[in-house]
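K.L.:
I'd like to ask you about the structure that follows.
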Amino acid sequence: MSRLKFQLEGIASYSRARAGKFQTLHGTVLTPLFMPVGTQATVKAQTSQTLKECDSQILLANTYHLLLRPGAEVFQRLGGIHRLMNWSHSVLTDSGGFQIYSLPHSRKMKEEGALFKSYVDGKLILLTPELSIEMQKSIGSDIMMVLDQCVSSTSDLNQALEAMERTHRWALRSLKARGESRQSLFAIVQGACISELRKQSASFLTQFEFDGFAIGGLAVGESKAMREDFTEMTVELLPSHLPRYLMGVGTPLDILEAVHRGVDLFDCIIPTAHAQRGVAYTHQGKVQLRRTAYKFSEDRLDLYCSCSTCTLYSKAYLHHLIKSEEVLGWHLVGFHNLFFYRQFMREIRQSILEDTFETYYQSKKKNLLTPESHRTEIYLQ
Ligand SMILES: [Zn+2]
């Protein structure tokens, strides 16, 4: 029996979109869900209070970065990430697998693990599946991820096969290391953009008692169409009674497309990272606040958003803060983006439960694809 007790609550007609719920050590989680990224035990420019205000259900933290700093002992002595951050909802920890992919020049691959040179003090660290799980236990996350070897989605057959087979061996070592812990553990399906490998990976990993499955190795270099095809293909190979998580995705449109293909969980740095550059996601589409068009605009950022950024401040003020690179601009736009993503996921879930997802999907997709310049012209008319 899965530790998360995932239950399906609705499946949309003419789509694989589904609504569900599951139980972590810190409460009930409703899906589909977007998880804000808090790599260093902080979602950039937000506080745990503002994250609660935008009703974030699960935060994502990163094992590799937290292992280097502040280190396991801080979490062990201070009662885990929930107490350290003053965060009472759920936490999912990535395993360090993505850093194996994204920091290729500071690590060497071995069967035992990945040998990293720490960017904090230069020490060598052998990140094994066992060390990753031990660290995730110290962090005290609700959902842990297996250590995997992610390769570019455009890798050739030999490279992708070798990484996938190692990922499978590491997944079993991770499962063994998890043992009787009450923390849940997700496996990660790899196989780049090679259908046969994706099939092999899913059929191998689904034989074991993981609490959910992630689709890894996408959003790392392939086209949007390929990502959608491989998401759809992989989802079909996963059991319907467990949560499915598409790692590192994405924009509102990417999420909408993946929900349509049967994915339940998402994470991405976009809402907070793009906020720093003044990019906001709104019910009117993407807004680039740096544009001179907003210099004198007394309009609210999003006409249909009730967040404090939208109710208290004008686009002109946000434009000024972003142009001046003030931290407050990053905070306010990031807060709105997280609020918008949460609202967006609620709308999606509601439409699945009411079985109107197909109509919602078509109209939302059209809205998300309308370019900003065109929308601005409409406003000016
Ligand atoms: Zn807002």
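If you're wondering about the labels, chains in the structure tokens are A, B, ... by order shown, residues count from 1 in each chain, ligands from 1 in order shown.
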What does the list of residues within 12 Å of ligand 1 look like if you count only C-alpha atoms and all ligand atoms, written as a tab-separated table (two decimals) with all heavy atoms, in the first residue's frame?

P.N.:
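Here's the written file out_4.tsv:
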chain	number	residue	atom	x	y	z
A	53	GLU	N	0.07	32.38	2.23
A	53	GLU	CA	-0.96	33.27	1.68
A	53	GLU	C	-1.35	32.86	0.26
A	53	GLU	O	-2.48	33.04	-0.14
A	53	GLU	CB	-0.48	34.73	1.67
A	53	GLU	CG	-0.60	35.41	3.02
A	53	GLU	CD	0.10	36.76	3.02
A	53	GLU	OE1	0.07	37.46	2.00
A	53	GLU	OE2	0.71	37.09	4.06
A	54	CYS	N	-0.37	32.34	-0.51
A	54	CYS	CA	-0.78	31.89	-1.85
A	54	CYS	C	-1.06	30.38	-1.85
A	54	CYS	O	-1.10	29.77	-2.90
A	54	CYS	CB	0.16	32.35	-2.96
A	54	CYS	SG	1.87	32.04	-2.73
A	280	ALA	N	5.51	38.48	-15.65
A	280	ALA	CA	4.36	38.05	-14.85
A	280	ALA	C	3.43	37.20	-15.70
A	280	ALA	O	3.25	37.46	-16.89
A	280	ALA	CB	3.62	39.27	-14.33
A	281	TYR	N	2.84	36.18	-15.08
A	281	TYR	CA	1.85	35.34	-15.74
A	281	TYR	C	0.48	35.78	-15.23
A	281	TYR	O	0.28	35.85	-14.01
A	281	TYR	CB	2.13	33.86	-15.46
A	281	TYR	CG	3.41	33.44	-16.12
A	281	TYR	CD1	4.65	33.61	-15.49
A	281	TYR	CD2	3.41	32.97	-17.43
A	281	TYR	CE1	5.84	33.30	-16.13
A	281	TYR	CE2	4.60	32.65	-18.08
A	281	TYR	CZ	5.80	32.81	-17.43
A	281	TYR	OH	6.97	32.52	-18.08
A	282	THR	N	-0.41	36.13	-16.14
A	282	THR	CA	-1.70	36.70	-15.72
A	282	THR	C	-2.85	36.04	-16.49
A	282	THR	O	-2.62	35.30	-17.45
A	282	THR	CB	-1.76	38.22	-15.99
A	282	THR	OG1	-1.93	38.42	-17.40
A	282	THR	CG2	-0.49	38.94	-15.53
A	283	HIS	N	-4.06	36.36	-16.08
A	283	HIS	CA	-5.24	35.87	-16.80
A	283	HIS	C	-5.32	36.48	-18.20
A	283	HIS	O	-6.07	36.02	-19.04
A	283	HIS	CB	-6.51	36.18	-16.02
A	283	HIS	CG	-6.68	35.33	-14.81
A	283	HIS	ND1	-6.11	35.64	-13.60
A	283	HIS	CD2	-7.32	34.15	-14.63
A	283	HIS	CE1	-6.40	34.69	-12.72
A	283	HIS	NE2	-7.13	33.78	-13.32
A	284	GLN	N	-4.55	37.56	-18.44
A	284	GLN	CA	-4.50	38.15	-19.78
A	284	GLN	C	-3.28	37.64	-20.54
A	284	GLN	O	-2.99	38.11	-21.63
A	284	GLN	CB	-4.45	39.69	-19.67
A	284	GLN	CG	-5.69	40.32	-19.06
A	284	GLN	CD	-5.69	40.30	-17.54
A	284	GLN	OE1	-4.74	40.70	-16.90
A	284	GLN	NE2	-6.77	39.79	-16.95
A	287	VAL	N	3.06	38.97	-19.15
A	287	VAL	CA	3.31	40.42	-19.19
A	287	VAL	C	4.79	40.68	-18.90
A	287	VAL	O	5.32	40.18	-17.90
A	287	VAL	CB	2.44	41.13	-18.11
A	287	VAL	CG1	2.80	42.61	-18.01
A	287	VAL	CG2	0.96	40.97	-18.43
A	299	ASP	N	-3.05	50.67	-14.33
A	299	ASP	CA	-3.79	49.40	-14.29
A	299	ASP	C	-3.17	48.46	-13.26
A	299	ASP	O	-1.99	48.54	-12.96
A	299	ASP	CB	-3.73	48.70	-15.66
A	299	ASP	CG	-4.56	49.41	-16.70
A	299	ASP	OD1	-5.44	50.20	-16.30
A	299	ASP	OD2	-4.29	49.20	-17.90
A	300	ARG	N	-4.01	47.52	-12.78
A	300	ARG	CA	-3.44	46.46	-11.95
A	300	ARG	C	-2.79	45.42	-12.86
A	300	ARG	O	-3.11	45.32	-14.05
A	300	ARG	CB	-4.48	45.85	-11.01
A	300	ARG	CG	-5.77	45.44	-11.66
A	300	ARG	CD	-6.90	45.45	-10.68
A	300	ARG	NE	-6.81	44.26	-9.83
A	300	ARG	CZ	-7.62	44.04	-8.80
A	300	ARG	NH1	-8.54	44.93	-8.48
A	300	ARG	NH2	-7.51	42.95	-8.09
A	301	LEU	N	-1.86	44.68	-12.29
A	301	LEU	CA	-1.09	43.70	-13.08
A	301	LEU	C	-2.01	42.67	-13.75
A	301	LEU	O	-1.83	42.34	-14.92
A	301	LEU	CB	-0.08	43.00	-12.14
A	301	LEU	CG	0.76	41.88	-12.69
A	301	LEU	CD1	1.55	42.31	-13.92
A	301	LEU	CD2	1.73	41.37	-11.62
A	302	ASP	N	-2.98	42.17	-13.00
A	302	ASP	CA	-3.90	41.17	-13.54
A	302	ASP	C	-5.31	41.58	-13.13
A	302	ASP	O	-5.61	41.69	-11.94
A	302	ASP	CB	-3.54	39.79	-12.94
A	302	ASP	CG	-4.37	38.66	-13.52
A	302	ASP	OD1	-5.48	38.92	-14.03
A	302	ASP	OD2	-3.91	37.50	-13.44
A	303	LEU	N	-6.16	41.81	-14.13
A	303	LEU	CA	-7.51	42.32	-13.85
A	303	LEU	C	-8.35	41.33	-13.04
A	303	LEU	O	-9.31	41.72	-12.39
A	303	LEU	CB	-8.23	42.61	-15.18
A	303	LEU	CG	-7.56	43.64	-16.09
A	303	LEU	CD1	-8.26	43.73	-17.43
A	303	LEU	CD2	-7.54	45.01	-15.41
A	304	TYR	N	-8.00	40.04	-13.11
A	304	TYR	CA	-8.82	39.03	-12.45
A	304	TYR	C	-8.12	38.36	-11.26
A	304	TYR	O	-8.48	37.27	-10.87
A	304	TYR	CB	-9.27	37.96	-13.45
A	304	TYR	CG	-10.00	38.56	-14.62
A	304	TYR	CD1	-9.40	38.66	-15.87
A	304	TYR	CD2	-11.30	39.06	-14.47
A	304	TYR	CE1	-10.06	39.23	-16.94
A	304	TYR	CE2	-11.97	39.63	-15.54
A	304	TYR	CZ	-11.34	39.71	-16.77
A	304	TYR	OH	-11.99	40.29	-17.82
A	305	CYS	N	-7.09	39.02	-10.73
A	305	CYS	CA	-6.35	38.40	-9.62
A	305	CYS	C	-6.61	39.19	-8.34
A	305	CYS	O	-6.60	40.42	-8.35
A	305	CYS	CB	-4.86	38.38	-9.93
A	305	CYS	SG	-3.87	37.68	-8.61
A	306	SER	N	-6.83	38.45	-7.23
A	306	SER	CA	-7.13	39.13	-5.97
A	306	SER	C	-5.93	39.13	-5.02
A	306	SER	O	-6.07	39.38	-3.84
A	306	SER	CB	-8.33	38.44	-5.29
A	306	SER	OG	-8.01	37.09	-5.06
A	307	CYS	N	-4.72	38.87	-5.55
A	307	CYS	CA	-3.55	38.85	-4.67
A	307	CYS	C	-3.19	40.28	-4.23
A	307	CYS	O	-3.63	41.26	-4.84
A	307	CYS	CB	-2.36	38.17	-5.36
A	307	CYS	SG	-1.34	39.23	-6.39
A	308	SER	N	-2.37	40.39	-3.19
A	308	SER	CA	-2.08	41.73	-2.65
A	308	SER	C	-1.26	42.58	-3.63
A	308	SER	O	-1.40	43.79	-3.66
A	308	SER	CB	-1.38	41.61	-1.29
A	308	SER	OG	-0.29	40.74	-1.39
A	309	THR	N	-0.44	41.96	-4.47
A	309	THR	CA	0.31	42.73	-5.47
A	309	THR	C	-0.68	43.43	-6.40
A	309	THR	O	-0.55	44.62	-6.69
A	309	THR	CB	1.24	41.80	-6.28
A	309	THR	OG1	2.16	41.19	-5.39
A	309	THR	CG2	1.99	42.56	-7.36
A	310	CYS	N	-1.66	42.67	-6.86
A	310	CYS	CA	-2.61	43.23	-7.84
A	310	CYS	C	-3.57	44.22	-7.20
A	310	CYS	O	-3.99	45.17	-7.85
A	310	CYS	CB	-3.39	42.10	-8.50
A	310	CYS	SG	-2.33	41.12	-9.59
A	311	THR	N	-3.93	44.01	-5.93
A	311	THR	CA	-4.91	44.93	-5.33
A	311	THR	C	-4.25	46.21	-4.81
A	311	THR	O	-4.90	47.23	-4.70
A	311	THR	CB	-5.68	44.24	-4.18
A	311	THR	OG1	-4.74	43.60	-3.32
A	311	THR	CG2	-6.63	43.18	-4.71
A	312	LEU	N	-2.95	46.16	-4.49
A	312	LEU	CA	-2.32	47.33	-3.85
A	312	LEU	C	-1.44	48.17	-4.77
A	312	LEU	O	-1.19	49.33	-4.47
A	312	LEU	CB	-1.46	46.86	-2.66
A	312	LEU	CG	-2.21	46.18	-1.51
A	312	LEU	CD1	-1.24	45.65	-0.48
A	312	LEU	CD2	-3.19	47.16	-0.86
A	313	TYR	N	-0.92	47.58	-5.87
A	313	TYR	CA	0.08	48.31	-6.66
A	313	TYR	C	-0.27	48.37	-8.14
A	313	TYR	O	-0.91	47.48	-8.67
A	313	TYR	CB	1.46	47.64	-6.48
A	313	TYR	CG	1.86	47.55	-5.03
A	313	TYR	CD1	1.74	46.34	-4.34
A	313	TYR	CD2	2.32	48.67	-4.34
A	313	TYR	CE1	2.09	46.25	-2.99
A	313	TYR	CE2	2.66	48.59	-3.00
A	313	TYR	CZ	2.54	47.38	-2.33
A	313	TYR	OH	2.87	47.30	-1.01
A	314	SER	N	0.22	49.44	-8.79
A	314	SER	CA	-0.03	49.61	-10.23
A	314	SER	C	1.10	48.98	-11.04
A	314	SER	O	2.20	48.74	-10.52
A	314	SER	CB	-0.09	51.10	-10.55
A	314	SER	OG	1.19	51.68	-10.28
A	315	LYS	N	0.83	48.80	-12.33
A	315	LYS	CA	1.88	48.31	-13.23
A	315	LYS	C	3.02	49.33	-13.29
A	315	LYS	O	4.19	48.94	-13.42
A	315	LYS	CB	1.31	48.12	-14.63
A	315	LYS	CG	0.61	46.80	-14.84
A	315	LYS	CD	0.21	46.69	-16.31
A	315	LYS	CE	-0.57	45.43	-16.58
A	315	LYS	NZ	-1.32	45.50	-17.83
A	318	LEU	N	5.32	48.64	-10.38
A	318	LEU	CA	6.06	47.37	-10.59
A	318	LEU	C	7.11	47.56	-11.68
A	318	LEU	O	8.24	47.08	-11.56
A	318	LEU	CB	5.08	46.24	-10.93
A	318	LEU	CG	4.05	45.91	-9.85
A	318	LEU	CD1	3.02	44.92	-10.37
A	318	LEU	CD2	4.73	45.34	-8.59
A	331	HIS	N	9.95	40.37	-5.22
A	331	HIS	CA	9.03	39.77	-4.26
A	331	HIS	C	7.57	39.90	-4.73
A	331	HIS	O	6.82	38.92	-4.75
A	331	HIS	CB	9.19	40.42	-2.88
A	331	HIS	CG	8.05	40.12	-1.96
A	331	HIS	ND1	7.88	38.88	-1.39
A	331	HIS	CD2	6.98	40.88	-1.58
A	331	HIS	CE1	6.76	38.90	-0.66
A	331	HIS	NE2	6.20	40.09	-0.76
A	332	LEU	N	7.19	41.13	-5.13
A	332	LEU	CA	5.78	41.38	-5.48
A	332	LEU	C	5.36	40.61	-6.73
A	332	LEU	O	4.27	40.03	-6.77
A	332	LEU	CB	5.53	42.88	-5.67
A	332	LEU	CG	5.62	43.75	-4.42
A	332	LEU	CD1	5.48	45.22	-4.78
A	332	LEU	CD2	4.57	43.36	-3.39
A	333	VAL	N	6.22	40.61	-7.74
A	333	VAL	CA	5.86	39.90	-8.98
A	333	VAL	C	5.91	38.38	-8.74
A	333	VAL	O	5.03	37.64	-9.21
A	333	VAL	CB	6.79	40.33	-10.15
A	333	VAL	CG1	6.43	39.57	-11.42
A	333	VAL	CG2	6.69	41.83	-10.38
A	334	GLY	N	6.90	37.92	-7.96
A	334	GLY	CA	6.99	36.49	-7.63
A	334	GLY	C	5.76	36.03	-6.86
A	334	GLY	O	5.20	34.96	-7.12
A	335	PHE	N	5.33	36.86	-5.92
A	335	PHE	CA	4.14	36.52	-5.13
A	335	PHE	C	2.92	36.41	-6.04
A	335	PHE	O	2.17	35.44	-5.97
A	335	PHE	CB	3.90	37.58	-4.04
A	335	PHE	CG	2.68	37.29	-3.22
A	335	PHE	CD1	2.69	36.28	-2.27
A	335	PHE	CD2	1.50	38.00	-3.43
A	335	PHE	CE1	1.55	35.99	-1.53
A	335	PHE	CE2	0.37	37.71	-2.69
A	335	PHE	CZ	0.39	36.71	-1.74
A	336	HIS	N	2.76	37.39	-6.92
A	336	HIS	CA	1.62	37.32	-7.86
A	336	HIS	C	1.71	36.05	-8.70
A	336	HIS	O	0.71	35.35	-8.90
A	336	HIS	CB	1.56	38.55	-8.78
A	336	HIS	CG	0.72	38.25	-9.98
A	336	HIS	ND1	-0.67	38.26	-9.95
A	336	HIS	CD2	1.07	37.81	-11.22
A	336	HIS	CE1	-1.12	37.87	-11.12
A	336	HIS	NE2	-0.10	37.58	-11.91
A	337	ASN	N	2.91	35.75	-9.24
A	337	ASN	CA	3.04	34.56	-10.11
A	337	ASN	C	2.66	33.28	-9.36
A	337	ASN	O	1.97	32.43	-9.91
A	337	ASN	CB	4.47	34.45	-10.65
A	337	ASN	CG	4.72	35.40	-11.81
A	337	ASN	OD1	3.78	35.98	-12.36
A	337	ASN	ND2	5.98	35.57	-12.18
A	338	LEU	N	3.12	33.15	-8.12
A	338	LEU	CA	2.79	31.94	-7.35
A	338	LEU	C	1.29	31.89	-7.07
A	338	LEU	O	0.66	30.83	-7.15
A	338	LEU	CB	3.58	31.90	-6.04
A	338	LEU	CG	5.08	31.69	-6.20
A	338	LEU	CD1	5.79	31.87	-4.86
A	338	LEU	CD2	5.38	30.30	-6.77
A	339	PHE	N	0.70	33.03	-6.79
A	339	PHE	CA	-0.74	33.12	-6.55
A	339	PHE	C	-1.49	32.74	-7.83
A	339	PHE	O	-2.47	31.99	-7.80
A	339	PHE	CB	-1.08	34.56	-6.13
A	339	PHE	CG	-2.42	34.72	-5.48
A	339	PHE	CD1	-2.53	34.73	-4.09
A	339	PHE	CD2	-3.58	34.90	-6.23
A	339	PHE	CE1	-3.77	34.89	-3.47
A	339	PHE	CE2	-4.81	35.06	-5.63
A	339	PHE	CZ	-4.91	35.06	-4.24
A	340	PHE	N	-0.99	33.26	-8.97
A	340	PHE	CA	-1.63	32.96	-10.25
A	340	PHE	C	-1.54	31.46	-10.57
A	340	PHE	O	-2.53	30.85	-10.98
A	340	PHE	CB	-0.95	33.77	-11.38
A	340	PHE	CG	-1.40	33.35	-12.75
A	340	PHE	CD1	-2.59	33.84	-13.27
A	340	PHE	CD2	-0.67	32.43	-13.49
A	340	PHE	CE1	-3.05	33.42	-14.52
A	340	PHE	CE2	-1.11	32.00	-14.74
A	340	PHE	CZ	-2.30	32.51	-15.25
A	341	TYR	N	-0.36	30.86	-10.37
A	341	TYR	CA	-0.20	29.43	-10.64
A	341	TYR	C	-1.16	28.61	-9.77
A	341	TYR	O	-1.74	27.63	-10.21
A	341	TYR	CB	1.25	29.00	-10.36
A	341	TYR	CG	2.17	28.99	-11.58
A	341	TYR	CD1	2.50	30.17	-12.22
A	341	TYR	CD2	2.72	27.81	-12.06
A	341	TYR	CE1	3.35	30.17	-13.32
A	341	TYR	CE2	3.57	27.80	-13.16
A	341	TYR	CZ	3.89	28.98	-13.79
A	341	TYR	OH	4.74	28.97	-14.87
A	342	ARG	N	-1.28	29.02	-8.50
A	342	ARG	CA	-2.16	28.29	-7.59
A	342	ARG	C	-3.62	28.38	-8.06
A	342	ARG	O	-4.34	27.39	-8.08
A	342	ARG	CB	-2.01	28.86	-6.16
A	342	ARG	CG	-2.84	28.14	-5.13
A	342	ARG	CD	-2.32	26.74	-4.85
A	342	ARG	NE	-3.18	26.00	-3.95
A	342	ARG	CZ	-3.84	24.90	-4.29
A	342	ARG	NH1	-3.74	24.39	-5.50
A	342	ARG	NH2	-4.59	24.28	-3.41
A	343	GLN	N	-4.00	29.61	-8.46
A	343	GLN	CA	-5.35	29.85	-8.96
A	343	GLN	C	-5.60	29.02	-10.23
A	343	GLN	O	-6.65	28.40	-10.40
A	343	GLN	CB	-5.52	31.34	-9.23
A	343	GLN	CG	-6.90	31.76	-9.65
A	343	GLN	CD	-7.95	31.46	-8.59
A	343	GLN	OE1	-7.66	31.52	-7.40
A	343	GLN	NE2	-9.14	31.10	-9.02
A	344	PHE	N	-4.60	29.01	-11.09
A	344	PHE	CA	-4.66	28.27	-12.36
A	344	PHE	C	-4.86	26.77	-12.10
A	344	PHE	O	-5.72	26.13	-12.71
A	344	PHE	CB	-3.35	28.55	-13.11
A	344	PHE	CG	-3.14	27.81	-14.40
A	344	PHE	CD1	-4.10	27.83	-15.39
A	344	PHE	CD2	-1.95	27.12	-14.63
A	344	PHE	CE1	-3.90	27.17	-16.60
A	344	PHE	CE2	-1.73	26.46	-15.82
A	344	PHE	CZ	-2.71	26.48	-16.81

K.L.:
Neighbouring residues of range 64-72 of chain A were defined as those with any atom within 9 Å, considering only C-alpha atoms; residues of the same chain fewer than 2 positions away were excluded. Please report them as a list of chain:residue names.

P.N.:
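Here the qualifying residues turn out to be A:Thr39, A:Gln40, A:Ala41, A:Ala61, A:Asn62, A:Val74, A:Phe75, A:Gln76, A:Arg77, A:Asp94, A:Ser95, A:Gly96, A:Gly97, A:Gln99, A:Ser118, A:Tyr119, A:Val120, A:Asp121, A:Ile125, A:Leu127, A:Ser132, A:Glu134, A:Met135, A:Gln136, A:Ser138, A:Ile139.
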
K.L.:
Could those selected residues go to a file with N, CA, C and O atoms, as a short mmCIF file (atom, residue, chain, number, x, y, z; two decimals), in the first residue's frame?

P.N.:
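New file result17.cif:
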data_model
loop_
_atom_site.label_atom_id
_atom_site.label_comp_id
_atom_site.auth_asym_id
_atom_site.auth_seq_id
_atom_site.Cartn_x
_atom_site.Cartn_y
_atom_site.Cartn_z
N THR A 39 14.91 25.67 -3.65
CA THR A 39 16.17 24.92 -3.74
C THR A 39 16.97 24.94 -2.43
O THR A 39 17.37 23.91 -1.91
N GLN A 40 17.23 26.14 -1.91
CA GLN A 40 18.09 26.29 -0.73
C GLN A 40 17.25 26.44 0.54
O GLN A 40 17.59 27.22 1.43
N ALA A 41 16.11 25.75 0.62
CA ALA A 41 15.16 25.90 1.73
C ALA A 41 14.63 27.33 1.77
O ALA A 41 14.39 27.88 2.84
N ALA A 61 12.56 21.18 -2.24
CA ALA A 61 13.90 21.60 -1.79
C ALA A 61 14.92 20.65 -2.42
O ALA A 61 14.57 19.58 -2.91
N ASN A 62 16.18 21.06 -2.41
CA ASN A 62 17.18 20.28 -3.13
C ASN A 62 18.23 19.67 -2.22
O ASN A 62 18.96 20.38 -1.52
N VAL A 74 22.61 20.30 10.83
CA VAL A 74 21.68 21.40 11.15
C VAL A 74 20.24 20.88 11.15
O VAL A 74 19.46 21.17 12.06
N PHE A 75 19.90 20.08 10.13
CA PHE A 75 18.54 19.55 10.05
C PHE A 75 18.28 18.57 11.19
O PHE A 75 17.20 18.57 11.79
N GLN A 76 19.29 17.74 11.50
CA GLN A 76 19.11 16.74 12.57
C GLN A 76 18.91 17.44 13.92
O GLN A 76 18.03 17.06 14.69
N ARG A 77 19.74 18.44 14.20
CA ARG A 77 19.66 19.09 15.52
C ARG A 77 18.48 20.03 15.66
O ARG A 77 17.95 20.22 16.75
N ASP A 94 14.24 16.93 -4.05
CA ASP A 94 14.90 16.33 -5.20
C ASP A 94 16.17 15.67 -4.68
O ASP A 94 16.72 16.05 -3.65
N SER A 95 16.66 14.67 -5.41
CA SER A 95 17.70 13.79 -4.88
C SER A 95 19.12 14.28 -5.09
O SER A 95 20.05 13.79 -4.45
N GLY A 96 19.31 15.22 -6.02
CA GLY A 96 20.66 15.58 -6.44
C GLY A 96 20.92 15.09 -7.85
O GLY A 96 21.94 15.40 -8.45
N GLY A 97 19.98 14.30 -8.39
CA GLY A 97 20.13 13.77 -9.75
C GLY A 97 20.25 14.89 -10.78
O GLY A 97 21.04 14.79 -11.72
N GLN A 99 21.55 17.77 -10.42
CA GLN A 99 22.88 18.41 -10.37
C GLN A 99 23.92 17.54 -11.08
O GLN A 99 24.91 18.06 -11.60
N SER A 118 32.66 20.15 -3.96
CA SER A 118 31.73 21.10 -3.36
C SER A 118 32.04 22.53 -3.78
O SER A 118 33.18 22.96 -3.74
N TYR A 119 31.01 23.28 -4.18
CA TYR A 119 31.22 24.70 -4.52
C TYR A 119 31.32 25.56 -3.26
O TYR A 119 31.62 26.74 -3.33
N VAL A 120 31.06 24.96 -2.09
CA VAL A 120 31.13 25.74 -0.85
C VAL A 120 32.56 25.75 -0.31
O VAL A 120 33.12 26.80 -0.02
N ASP A 121 33.18 24.54 -0.19
CA ASP A 121 34.52 24.51 0.41
C ASP A 121 35.52 23.67 -0.39
O ASP A 121 36.63 23.41 0.09
N ILE A 125 32.83 15.08 -2.49
CA ILE A 125 31.69 14.38 -1.87
C ILE A 125 31.22 13.31 -2.83
O ILE A 125 30.93 13.61 -4.00
N LEU A 127 28.30 11.42 -3.81
CA LEU A 127 26.85 11.39 -3.63
C LEU A 127 26.34 10.04 -4.15
O LEU A 127 26.24 9.81 -5.35
N SER A 132 22.13 10.15 -0.51
CA SER A 132 21.03 11.03 -0.89
C SER A 132 19.80 10.75 -0.01
O SER A 132 19.17 11.67 0.51
N GLU A 134 19.79 9.22 2.96
CA GLU A 134 20.11 9.58 4.36
C GLU A 134 19.93 11.09 4.57
O GLU A 134 19.36 11.52 5.58
N MET A 135 20.38 11.88 3.59
CA MET A 135 20.24 13.34 3.69
C MET A 135 18.76 13.74 3.63
O MET A 135 18.31 14.62 4.37
N GLN A 136 18.00 13.09 2.75
CA GLN A 136 16.57 13.41 2.63
C GLN A 136 15.82 13.02 3.91
O GLN A 136 14.86 13.67 4.30
N SER A 138 17.27 13.21 6.89
CA SER A 138 17.64 14.29 7.83
C SER A 138 16.83 15.55 7.56
O SER A 138 16.38 16.22 8.49
N ILE A 139 16.64 15.86 6.29
CA ILE A 139 15.84 17.04 5.92
C ILE A 139 14.40 16.85 6.41
O ILE A 139 13.75 17.79 6.83
#

K.L.:
For Ser56 in chain A, please output as a PyMOL selection string all residues within 8 Å (counting only C-alpha atoms; exclusion window: fewer than 3 positions along the same chain).

P.N.:
chain A and resi 35-36+51-53+59+342

K.L.:
Would you mind exporting all heavy atoms of the selected residues as a JSON list (two decimals), in the first residue's frame?

P.N.:
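Wrote it out as part32.json, contents follow:
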[["chain", "number", "residue", "atom", "x", "y", "z"],
["A", 35, "MET", "N", 4.20, 22.77, -7.56],
["A", 35, "MET", "CA", 5.00, 22.89, -6.34],
["A", 35, "MET", "C", 6.07, 23.97, -6.54],
["A", 35, "MET", "O", 6.97, 23.82, -7.39],
["A", 35, "MET", "CB", 5.69, 21.55, -6.03],
["A", 35, "MET", "CG", 4.70, 20.40, -5.94],
["A", 35, "MET", "SD", 5.47, 18.81, -5.54],
["A", 35, "MET", "CE", 6.22, 18.36, -7.10],
["A", 36, "PRO", "N", 6.02, 25.07, -5.78],
["A", 36, "PRO", "CA", 7.07, 26.10, -5.90],
["A", 36, "PRO", "C", 8.44, 25.52, -5.51],
["A", 36, "PRO", "O", 8.54, 24.65, -4.64],
["A", 36, "PRO", "CB", 6.65, 27.16, -4.89],
["A", 36, "PRO", "CG", 5.19, 26.95, -4.68],
["A", 36, "PRO", "CD", 4.98, 25.47, -4.83],
["A", 51, "LEU", "N", 4.12, 32.35, 1.28],
["A", 51, "LEU", "CA", 3.83, 31.08, 0.60],
["A", 51, "LEU", "C", 2.52, 30.48, 1.12],
["A", 51, "LEU", "O", 1.76, 29.88, 0.36],
["A", 51, "LEU", "CB", 4.98, 30.09, 0.82],
["A", 51, "LEU", "CG", 6.29, 30.49, 0.13],
["A", 51, "LEU", "CD1", 7.45, 29.68, 0.65],
["A", 51, "LEU", "CD2", 6.16, 30.34, -1.38],
["A", 52, "LYS", "N", 2.25, 30.67, 2.40],
["A", 52, "LYS", "CA", 0.96, 30.22, 2.96],
["A", 52, "LYS", "C", -0.17, 31.06, 2.38],
["A", 52, "LYS", "O", -1.24, 30.55, 2.07],
["A", 52, "LYS", "CB", 0.97, 30.31, 4.48],
["A", 52, "LYS", "CG", 1.62, 29.09, 5.13],
["A", 52, "LYS", "CD", 1.70, 29.21, 6.63],
["A", 52, "LYS", "CE", 2.76, 28.25, 7.17],
["A", 52, "LYS", "NZ", 3.36, 28.68, 8.42],
["A", 53, "GLU", "N", 0.07, 32.38, 2.23],
["A", 53, "GLU", "CA", -0.96, 33.27, 1.68],
["A", 53, "GLU", "C", -1.35, 32.86, 0.26],
["A", 53, "GLU", "O", -2.48, 33.04, -0.14],
["A", 53, "GLU", "CB", -0.48, 34.73, 1.67],
["A", 53, "GLU", "CG", -0.60, 35.41, 3.02],
["A", 53, "GLU", "CD", 0.10, 36.76, 3.02],
["A", 53, "GLU", "OE1", 0.07, 37.46, 2.00],
["A", 53, "GLU", "OE2", 0.71, 37.09, 4.06],
["A", 59, "LEU", "N", 6.36, 22.37, -1.06],
["A", 59, "LEU", "CA", 7.54, 23.08, -1.57],
["A", 59, "LEU", "C", 8.58, 22.05, -1.97],
["A", 59, "LEU", "O", 8.68, 20.99, -1.35],
["A", 59, "LEU", "CB", 8.16, 23.96, -0.48],
["A", 59, "LEU", "CG", 7.32, 25.07, 0.10],
["A", 59, "LEU", "CD1", 8.17, 25.89, 1.06],
["A", 59, "LEU", "CD2", 6.74, 25.96, -0.99],
["A", 342, "ARG", "N", -1.28, 29.02, -8.50],
["A", 342, "ARG", "CA", -2.16, 28.29, -7.59],
["A", 342, "ARG", "C", -3.62, 28.38, -8.06],
["A", 342, "ARG", "O", -4.34, 27.39, -8.08],
["A", 342, "ARG", "CB", -2.01, 28.86, -6.16],
["A", 342, "ARG", "CG", -2.84, 28.14, -5.13],
["A", 342, "ARG", "CD", -2.32, 26.74, -4.85],
["A", 342, "ARG", "NE", -3.18, 26.00, -3.95],
["A", 342, "ARG", "CZ", -3.84, 24.90, -4.29],
["A", 342, "ARG", "NH1", -3.74, 24.39, -5.50],
["A", 342, "ARG", "NH2", -4.59, 24.28, -3.41]]

K.L.:
Neighbouring residues of Tyr101 in chain A were defined as those with any atom within 8 Å, considering only C-alpha atoms; residues of the same chain fewer than 6 positions away were excluded. Please report them as a list in words.

P.N.:
Gln149, Cys150, Val151 and Ser152 of chain A
